[in-house]
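So this one's data_33.cif, mmCIF, C-alpha atoms:
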data_model
loop_
_atom_site.label_atom_id
_atom_site.label_comp_id
_atom_site.auth_asym_id
_atom_site.auth_seq_id
_atom_site.Cartn_x
_atom_site.Cartn_y
_atom_site.Cartn_z
CA MET A 70 30.50 -1.88 -1.86
CA ALA A 71 31.25 1.58 -3.22
CA GLY A 72 32.78 2.32 -6.58
CA PRO A 73 32.10 0.91 -10.01
CA ALA A 74 32.15 -2.81 -10.60
CA LYS A 75 32.01 -4.76 -13.83
CA GLY A 76 31.23 -8.27 -14.94
CA ALA A 77 31.17 -10.84 -12.18
CA GLY A 78 31.72 -8.23 -9.49
CA ARG A 79 28.65 -6.31 -10.55
CA ILE A 80 26.49 -9.42 -10.86
CA THR A 81 27.63 -10.61 -7.45
CA ARG A 82 26.78 -7.27 -5.91
CA LEU A 83 23.34 -7.16 -7.54
CA ALA A 84 22.59 -10.74 -6.49
CA LEU A 85 23.67 -9.98 -2.93
CA LEU A 86 21.49 -6.88 -2.74
CA THR A 87 18.50 -8.75 -4.22
CA ALA A 88 18.95 -11.54 -1.68
CA ILE A 89 19.19 -9.05 1.19
CA ALA A 90 16.09 -7.17 0.00
CA LEU A 91 14.15 -10.42 -0.43
CA THR A 92 15.15 -11.62 3.04
CA ILE A 93 14.06 -8.32 4.62
CA PHE A 94 10.80 -8.46 2.62
CA MET A 95 10.00 -12.02 3.73
CA ALA A 96 10.92 -11.29 7.37
CA GLU A 97 8.71 -8.22 7.39
CA ALA A 98 5.82 -10.19 5.88
CA GLN A 99 5.77 -12.26 9.08
CA ILE A 100 5.04 -9.19 11.20
CA PRO A 101 1.26 -8.82 11.78
CA ALA A 102 -0.41 -5.76 10.24
CA LEU A 103 0.20 -2.62 12.29
CA THR A 104 -3.18 -1.03 11.53
CA ALA A 105 -6.58 -1.94 10.13
CA VAL A 106 -5.78 0.15 7.05
CA PRO A 107 -4.66 -2.21 4.27
CA GLY A 108 -1.32 -1.41 2.71
CA VAL A 109 0.26 0.27 5.72
CA LYS A 110 3.66 -1.25 6.41
CA LEU A 111 7.23 -0.16 7.00
CA GLY A 112 8.53 -1.40 3.67
CA LEU A 113 11.99 -2.14 5.05
CA ALA A 114 13.08 -3.78 1.80
CA ASN A 115 12.99 -0.33 0.24
CA ILE A 116 16.10 0.57 2.25
CA VAL A 117 17.91 -1.57 -0.32
CA THR A 118 16.10 0.12 -3.25
CA VAL A 119 16.97 3.62 -2.02
CA TYR A 120 20.55 2.57 -1.33
CA ALA A 121 20.87 0.99 -4.79
CA VAL A 122 19.56 4.07 -6.63
CA PHE A 123 22.06 6.34 -4.89
CA ALA A 124 25.04 3.96 -4.82
CA LEU A 125 24.69 2.03 -8.10
CA GLY A 126 22.43 4.23 -10.21
CA PRO A 127 18.93 3.80 -11.68
CA GLY A 128 19.57 0.81 -13.99
CA ASP A 129 21.10 -1.53 -11.45
CA ALA A 130 18.58 -0.40 -8.83
CA LEU A 131 15.73 -1.37 -11.17
CA LEU A 132 17.26 -4.84 -11.61
CA VAL A 133 17.44 -5.35 -7.84
CA LEU A 134 13.93 -3.95 -7.35
CA SER A 135 12.25 -6.04 -10.04
CA GLY A 136 14.09 -9.17 -8.90
CA ARG A 137 12.94 -8.66 -5.34
CA VAL A 138 9.34 -7.79 -6.27
CA PHE A 139 8.97 -10.84 -8.51
CA LEU A 140 10.67 -13.28 -6.15
CA GLY A 141 8.80 -11.79 -3.19
CA ALA A 142 5.48 -12.58 -4.87
CA VAL A 143 6.69 -16.11 -5.73
CA PHE A 144 8.05 -16.83 -2.24
CA SER A 145 5.05 -15.43 -0.38
CA GLY A 146 2.71 -17.37 -2.69
CA GLN A 147 0.66 -14.30 -3.49
CA MET A 148 1.09 -13.73 -7.21
CA MET A 149 -1.95 -11.43 -7.12
CA THR A 150 0.03 -8.87 -5.15
CA LEU A 151 2.56 -8.66 -7.98
CA ILE A 152 0.50 -6.01 -9.84
CA TYR A 153 0.37 -3.76 -6.78
CA SER A 154 4.01 -4.19 -5.76
CA ALA A 155 5.15 -3.64 -9.35
CA ALA A 156 3.00 -0.52 -9.79
CA GLY A 157 4.16 0.96 -6.49
CA GLY A 158 7.76 -0.07 -7.02
CA LEU A 159 8.01 1.33 -10.55
CA LEU A 160 6.41 4.67 -9.69
CA SER A 161 8.61 5.17 -6.62
CA TRP A 162 11.67 4.10 -8.63
CA CYS A 163 10.90 6.83 -11.22
CA ILE A 164 10.61 9.44 -8.47
CA LEU A 165 13.80 8.18 -6.80
CA CYS A 166 15.77 8.45 -10.05
CA LEU A 167 14.48 11.98 -10.60
CA LEU A 168 15.19 13.15 -7.06
CA GLN A 169 18.57 11.44 -7.00
CA LYS A 170 19.74 13.98 -9.57
CA LEU A 171 18.37 16.93 -7.58
CA PHE A 172 19.41 16.02 -4.07
CA THR A 173 22.64 15.05 -2.35
CA ARG A 174 23.40 11.92 -0.38
CA GLU A 175 22.91 13.91 2.80
CA GLN A 176 19.25 14.46 1.87
CA ILE A 177 18.22 10.86 1.33
CA TRP A 178 16.07 11.09 4.46
CA LEU A 179 13.97 13.67 2.58
CA VAL A 180 13.94 11.87 -0.78
CA SER A 181 12.77 8.55 0.65
CA PRO A 182 9.42 9.77 2.10
CA ALA A 183 8.58 11.40 -1.25
CA ALA A 184 9.30 8.11 -3.05
CA ALA A 185 7.23 6.28 -0.43
CA ILE A 186 4.22 8.52 -1.10
CA PHE A 187 4.43 7.69 -4.81
CA HIS A 188 4.87 4.01 -3.99
CA ASN A 189 1.56 4.00 -2.14
CA MET A 190 -0.11 6.09 -4.83
CA GLY A 191 1.05 3.60 -7.46
CA GLN A 192 -0.47 0.76 -5.47
CA LEU A 193 -3.75 2.64 -5.05
CA LEU A 194 -3.89 3.41 -8.78
CA ALA A 195 -3.34 -0.29 -9.52
CA ALA A 196 -6.09 -1.19 -7.07
CA ALA A 197 -8.42 1.40 -8.63
CA ALA A 198 -7.71 -0.09 -12.06
CA VAL A 199 -8.34 -3.65 -10.90
CA LEU A 200 -11.54 -2.77 -9.02
CA ARG A 201 -12.61 -0.28 -11.72
CA SER A 202 -13.58 2.21 -9.04
CA TRP A 203 -12.10 5.37 -7.58
CA ALA A 204 -13.63 4.59 -4.18
CA VAL A 205 -10.31 3.14 -2.99
CA MET A 206 -8.86 6.67 -3.10
CA ALA A 207 -10.52 7.10 0.31
CA TYR A 208 -7.41 5.34 1.61
CA LEU A 209 -5.05 7.94 0.15
CA PRO A 210 -4.82 10.25 3.22
CA TYR A 211 -3.97 7.30 5.48
CA LEU A 212 -1.43 5.99 3.02
CA VAL A 213 0.25 9.38 2.54
CA ILE A 214 0.74 9.83 6.29
CA ALA A 215 1.95 6.25 6.67
CA ALA A 216 4.30 6.69 3.69
CA VAL A 217 5.95 9.78 5.15
CA LEU A 218 6.59 8.05 8.49
CA ALA A 219 7.81 4.79 6.93
CA GLY A 220 9.79 6.70 4.28
CA LEU A 221 11.60 8.76 6.89
CA PHE A 222 12.58 5.58 8.70
CA THR A 223 13.82 3.74 5.61
CA GLY A 224 15.49 6.94 4.32
CA VAL A 225 17.48 7.47 7.51
CA ALA A 226 18.45 3.79 7.42
CA ALA A 227 19.53 3.97 3.75
CA GLN A 228 21.52 7.15 4.35
CA GLY A 229 23.37 5.58 7.29
CA LEU A 230 23.99 2.44 5.26
CA LEU A 231 25.43 4.38 2.33
CA ARG A 232 27.74 6.43 4.58
CA ARG A 233 29.08 3.39 6.40
CA LEU A 234 29.56 1.28 3.29
CA GLU A 235 31.41 4.10 1.55
CA ARG A 236 33.73 4.41 4.53
CA LEU A 237 34.35 0.66 4.29
CA GLY A 238 35.15 0.95 0.60
CA LYS A 239 37.89 3.55 1.13
CA MET B 112 11.20 19.33 -0.27
CA LEU B 113 10.60 19.30 3.45
CA PHE B 114 7.88 21.87 2.87
CA LEU B 115 6.24 19.67 0.21
CA LEU B 116 6.27 16.65 2.51
CA LEU B 117 4.77 18.64 5.38
CA ALA B 118 2.12 20.02 3.02
CA ALA B 119 1.22 16.48 1.87
CA VAL B 120 0.85 15.34 5.49
CA ALA B 121 -1.15 18.45 6.45
CA LEU B 122 -3.49 17.96 3.48
CA SER B 123 -4.00 14.31 4.39
CA VAL B 124 -4.78 15.12 8.01
CA ALA B 125 -7.20 17.84 6.88
CA ALA B 126 -8.86 15.43 4.44
CA LEU B 127 -9.36 12.91 7.25
CA LEU B 128 -10.65 15.51 9.73
CA PHE B 129 -13.02 17.37 7.44
CA ARG B 130 -14.35 14.72 5.14
CA ASP B 131 -18.04 14.14 5.05
CA THR B 132 -18.81 10.59 6.06
CA GLY B 133 -22.46 11.29 6.79
CA LEU B 134 -24.94 9.60 4.47
CA PRO B 135 -28.73 10.30 4.27
CA SER B 136 -29.91 6.70 3.91
CA PRO B 137 -26.97 4.33 4.19
CA ALA B 138 -26.88 1.32 1.91
CA VAL B 139 -24.28 -1.37 1.41
CA ARG B 140 -23.10 -1.68 -2.15
CA VAL B 141 -21.08 -4.71 -3.22
CA THR B 142 -19.25 -4.61 -6.54
CA ARG B 143 -16.88 -6.91 -8.36
CA ASP B 144 -14.79 -5.48 -11.22
CA GLY B 145 -16.95 -2.38 -10.89
CA VAL B 146 -20.13 -4.42 -11.56
CA LEU B 147 -22.89 -4.15 -8.96
CA LEU B 148 -23.63 -7.47 -7.24
CA GLU B 149 -25.75 -6.47 -4.24
CA GLU B 150 -27.25 -3.36 -2.76
CA ILE B 151 -28.83 -3.55 0.69
CA ASP B 152 -30.54 -0.69 2.51
CA LEU B 153 -29.00 -0.59 5.98
CA SER B 154 -31.68 1.51 7.66
CA GLN B 155 -34.50 -0.83 6.55
CA LEU B 156 -32.76 -4.01 7.67
CA ASP B 157 -34.77 -5.84 10.37
CA GLN B 158 -32.49 -8.76 11.08
CA PRO B 159 -28.84 -9.53 10.33
CA ARG B 160 -28.12 -11.10 6.96
CA THR B 161 -25.29 -13.30 5.84
CA LEU B 162 -24.48 -13.69 2.20
CA THR B 163 -21.74 -15.53 0.41
CA LEU B 164 -20.30 -14.15 -2.81
CA GLU B 165 -18.48 -16.64 -4.96
CA ASP B 166 -16.81 -16.68 -8.31
CA GLU B 167 -13.92 -18.51 -9.92
CA ARG B 168 -11.37 -16.51 -7.91
CA GLY B 169 -12.83 -17.47 -4.52
CA SER B 170 -15.50 -16.65 -2.00
CA ASN B 171 -16.23 -13.94 0.56
CA THR B 172 -18.87 -14.17 3.27
CA LEU B 173 -20.54 -10.90 4.17
CA GLN B 174 -22.34 -10.17 7.41
CA VAL B 175 -24.80 -7.28 7.22
CA GLU B 176 -26.44 -5.78 10.29
CA ARG B 177 -28.44 -2.62 10.83
CA GLY B 178 -26.01 0.20 10.13
CA ARG B 179 -22.88 -1.87 9.59
CA VAL B 180 -21.25 -4.54 7.46
CA ARG B 181 -18.15 -6.72 7.51
CA VAL B 182 -16.49 -9.56 5.65
CA SER B 183 -16.65 -12.41 8.16
CA ALA B 184 -14.81 -15.00 6.10
CA ALA B 185 -12.81 -15.20 2.89
CA ASP B 186 -10.64 -17.82 1.25
CA CYS B 187 -8.02 -15.36 0.08
CA PRO B 188 -4.46 -15.73 1.35
CA ASP B 189 -4.00 -12.31 2.94
CA GLN B 190 -7.30 -11.92 4.88
CA VAL B 191 -7.02 -8.14 4.70
CA CYS B 192 -10.77 -7.74 4.17
CA VAL B 193 -11.62 -9.95 7.17
CA ASN B 194 -9.13 -8.21 9.47
CA GLN B 195 -10.57 -4.83 8.63
CA GLY B 196 -13.71 -5.69 10.63
CA TRP B 197 -16.95 -3.71 10.63
CA ILE B 198 -17.49 -0.52 8.66
CA SER B 199 -20.44 1.72 9.44
CA ASP B 200 -19.84 4.85 7.35
CA GLY B 201 -18.63 5.96 3.95
CA ALA B 202 -15.09 6.77 5.17
CA VAL B 203 -13.29 3.83 3.58
CA PRO B 204 -14.58 0.79 1.68
CA ILE B 205 -13.65 -2.81 2.43
CA VAL B 206 -11.62 -4.16 -0.43
CA CYS B 207 -10.67 -7.74 -1.27
CA LEU B 208 -8.03 -7.21 -3.93
CA PRO B 209 -7.43 -10.91 -4.74
CA HIS B 210 -11.14 -11.38 -5.50
CA ARG B 211 -11.57 -7.87 -6.92
CA LEU B 212 -14.48 -7.34 -4.55
CA MET B 213 -15.43 -4.04 -2.98
CA VAL B 214 -17.90 -3.42 -0.17
CA GLU B 215 -18.81 0.20 0.46
CA ILE B 216 -21.42 2.17 2.32
CA VAL B 217 -23.04 4.78 0.13
CA GLY B 218 -25.81 7.32 0.27
CA GLY B 219 -26.17 7.91 4.13
CA GLY B 220 -27.29 10.36 6.85
CA GLY B 221 -26.04 13.02 9.20
CA GLU B 222 -27.06 10.91 12.20
CA LEU B 223 -24.35 8.44 11.28
CA ASP B 224 -21.46 10.45 12.63
CA GLY B 225 -18.47 8.52 11.38
CA GLY B 226 -16.07 9.75 14.05
CA ALA B 227 -13.77 11.05 11.37
CA GLY B 228 -10.01 11.02 11.82
#

Before anything else, please render the file you have as structure tokens.
Amino acid sequence: MAGPAKGAGRITRLALLTAIALTIFMAEAQIPALTAVPGVKLGLANIVTVYAVFALGPGDALLVLSGRVFLGAVFSGQMMTLIYSAAGGLLSWCILCLLQKLFTREQIWLVSPAAAIFHNMGQLLAAAAVLRSWAVMAYLPYLVIAAVLAGLFTGVAAQGLLRRLERLGK
Amino acid sequence: MLFLLLAAVALSVAALLFRDTGLPSPAVRVTRDGVLLEEIDLSQLDQPRTLTLEDERGSNTLQVERGRVRVSAADCPDQVCVNQGWISDGAVPIVCLPHRLMVEIVGGGGELDGGAG
């Protein structure tokens, strides 16, 4: 999967990554909530997002991310969640693109938790806007802790994925 | 970076441990889109109350007892508000995002020790 691709090759790769991310997203949606705190989940589909930012660059990663977020809302039948996923996804994508320039591929495990924190903050900001109240910020401490744990997990997974796929590409 | 992440976690843990969830006279406040729908004094409540809040997005059924409140039923797809169960302090509100409804406990006393953290 490593190395530049153009035309059909690029489209095929993006479609494949979107399909993988969507499958992971839908499979994870079947797992019952881990805690009573809303919004706490592993976010396994973000392994693909993190991988895409580091392997393909910001632009292609955004295409995969927005495709997955939109289709995920359609397939799960919860269009209302689109605002929150989009807000979280976009904010974490911005942070990922920024950190991708500052950190190496050996530090993805550190970059991913930071992006996860901003993902959850983006969702909370969207919720605060929808509810027109800052009271939801009471969830922030829970969501930061959950984001660091989940982000470490997805970061380690994305880092391993990138290393193995690059070895395959050689 | 590692330091920043650890600091964020430490701050969050501290916020959870040291936050003040005590309220002098607890009341349930229900808002939709930031507009107040109901306010019920929890310390003056003699018997449990059930109320249903409906609008064009859907309905939520609230169960209010002395000192606590929960959403007992909702016709939203995710059921996050129902699964959250009872809340009895100002620590976190119950939120139904699809219906833009928020149920929080405000105003309350030191005797309501929220068991923070």

Using the chain letters and numbers from the file, give me the residues hit by the PyMOL selection byres ((chain A) within 8 of (chain B)), as an MDAnalysis selection string. chainID A and resid 105:107 147 149:150 179:180 182:183 196 199:202 204:205 207:211 213:214 217

So how many Å separate CA of Asn171 in chain B and CA of Leu156 in chain B, to one decimal?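 Pair CA of Asn171 in chain B / CA of Leu156 in chain B returns 20.6 Å.
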
Just want the 8 Å neighbourhood of range 124-126 of chain A, counted on all atoms listed in the file, with same-chain residues fewer than 2 positions away dropped. Output as a PDB file with C-alpha atoms, keeping the file's coordinate frame.
ATOM      1  CA  ALA A  71      31.250   1.580  -3.220  1.00  0.00           C
ATOM      2  CA  PRO A  73      32.100   0.910 -10.010  1.00  0.00           C
ATOM      3  CA  TYR A 120      20.550   2.570  -1.330  1.00  0.00           C
ATOM      4  CA  ALA A 121      20.870   0.990  -4.790  1.00  0.00           C
ATOM      5  CA  VAL A 122      19.560   4.070  -6.630  1.00  0.00           C
ATOM      6  CA  GLY A 128      19.570   0.810 -13.990  1.00  0.00           C
ATOM      7  CA  ASP A 129      21.100  -1.530 -11.450  1.00  0.00           C
ATOM      8  CA  ALA A 130      18.580  -0.400  -8.830  1.00  0.00           C
ATOM      9  CA  CYS A 166      15.770   8.450 -10.050  1.00  0.00           C
ATOM     10  CA  LEU A 231      25.430   4.380   2.330  1.00  0.00           C
TER      11      LEU A 231
END

How many Å lie between CA of Val133 in chain A and CA of Thr87 in chain A, rounded to one decimal?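 Those two atoms sit 5.1 Å apart.
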
Using the chain letters and residue numbers of this document, give as a list in words the residues selected by the PyMOL selection byres ((chain B and resi 167-170) around 6). Leu164, Glu165, Asp166, Asn171, Ala185, Asp186 and His210 of chain B

Neighbours of Gly108 in chain A within 8 Å (all atoms listed in the file; same-chain residues fewer than 2 positions away dropped), as a VMD selection string? chain A and resid 106 110 189 212

Please write out, as AutoDock Vina command-line options, where the centre of an axis-aligned box around all listed atoms of range 170-189 of chain B lies and how long its edges are, in Å to one decimal, after adding 8 Å on each side.
--center_x -16.2 --center_y -8.8 --center_z 4.4 --size_x 40.4 --size_y 34.0 --size_z 28.8

Can you tell me, as a VMD selection string, what residues are no more than 9 Å from Arg160 in chain B when counting all atoms listed in the file, ignoring any on the same chain fewer than 4 positions away? chain B and resid 156 173 to 176

Just give me the gap between CA of Asp152 in chain B and CA of Arg177 in chain B in Å, one decimal is fine. 8.8 Å

Polymer residues at most 12 Å from Arg137 in chain A, all atoms listed in the file, same-chain spacing of 4 or more positions, as a PDB file with C-alpha atoms, in the coordinates of the input:
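In the end it all went to part-v3.pdb:
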ATOM      1  CA  LEU A  83      23.340  -7.160  -7.540  1.00  0.00           C
ATOM      2  CA  ALA A  84      22.590 -10.740  -6.490  1.00  0.00           C
ATOM      3  CA  LEU A  85      23.670  -9.980  -2.930  1.00  0.00           C
ATOM      4  CA  LEU A  86      21.490  -6.880  -2.740  1.00  0.00           C
ATOM      5  CA  THR A  87      18.500  -8.750  -4.220  1.00  0.00           C
ATOM      6  CA  ALA A  88      18.950 -11.540  -1.680  1.00  0.00           C
ATOM      7  CA  ILE A  89      19.190  -9.050   1.190  1.00  0.00           C
ATOM      8  CA  ALA A  90      16.090  -7.170   0.000  1.00  0.00           C
ATOM      9  CA  LEU A  91      14.150 -10.420  -0.430  1.00  0.00           C
ATOM     10  CA  THR A  92      15.150 -11.620   3.040  1.00  0.00           C
ATOM     11  CA  ILE A  93      14.060  -8.320   4.620  1.00  0.00           C
ATOM     12  CA  PHE A  94      10.800  -8.460   2.620  1.00  0.00           C
ATOM     13  CA  MET A  95      10.000 -12.020   3.730  1.00  0.00           C
ATOM     14  CA  ALA A 114      13.080  -3.780   1.800  1.00  0.00           C
ATOM     15  CA  ASN A 115      12.990  -0.330   0.240  1.00  0.00           C
ATOM     16  CA  VAL A 117      17.910  -1.570  -0.320  1.00  0.00           C
ATOM     17  CA  THR A 118      16.100   0.120  -3.250  1.00  0.00           C
ATOM     18  CA  ALA A 130      18.580  -0.400  -8.830  1.00  0.00           C
ATOM     19  CA  LEU A 131      15.730  -1.370 -11.170  1.00  0.00           C
ATOM     20  CA  LEU A 132      17.260  -4.840 -11.610  1.00  0.00           C
ATOM     21  CA  VAL A 133      17.440  -5.350  -7.840  1.00  0.00           C
ATOM     22  CA  GLY A 141       8.800 -11.790  -3.190  1.00  0.00           C
ATOM     23  CA  ALA A 142       5.480 -12.580  -4.870  1.00  0.00           C
ATOM     24  CA  VAL A 143       6.690 -16.110  -5.730  1.00  0.00           C
ATOM     25  CA  PHE A 144       8.050 -16.830  -2.240  1.00  0.00           C
ATOM     26  CA  SER A 145       5.050 -15.430  -0.380  1.00  0.00           C
ATOM     27  CA  LEU A 151       2.560  -8.660  -7.980  1.00  0.00           C
ATOM     28  CA  SER A 154       4.010  -4.190  -5.760  1.00  0.00           C
ATOM     29  CA  ALA A 155       5.150  -3.640  -9.350  1.00  0.00           C
ATOM     30  CA  GLY A 158       7.760  -0.070  -7.020  1.00  0.00           C
TER      31      GLY A 158
END
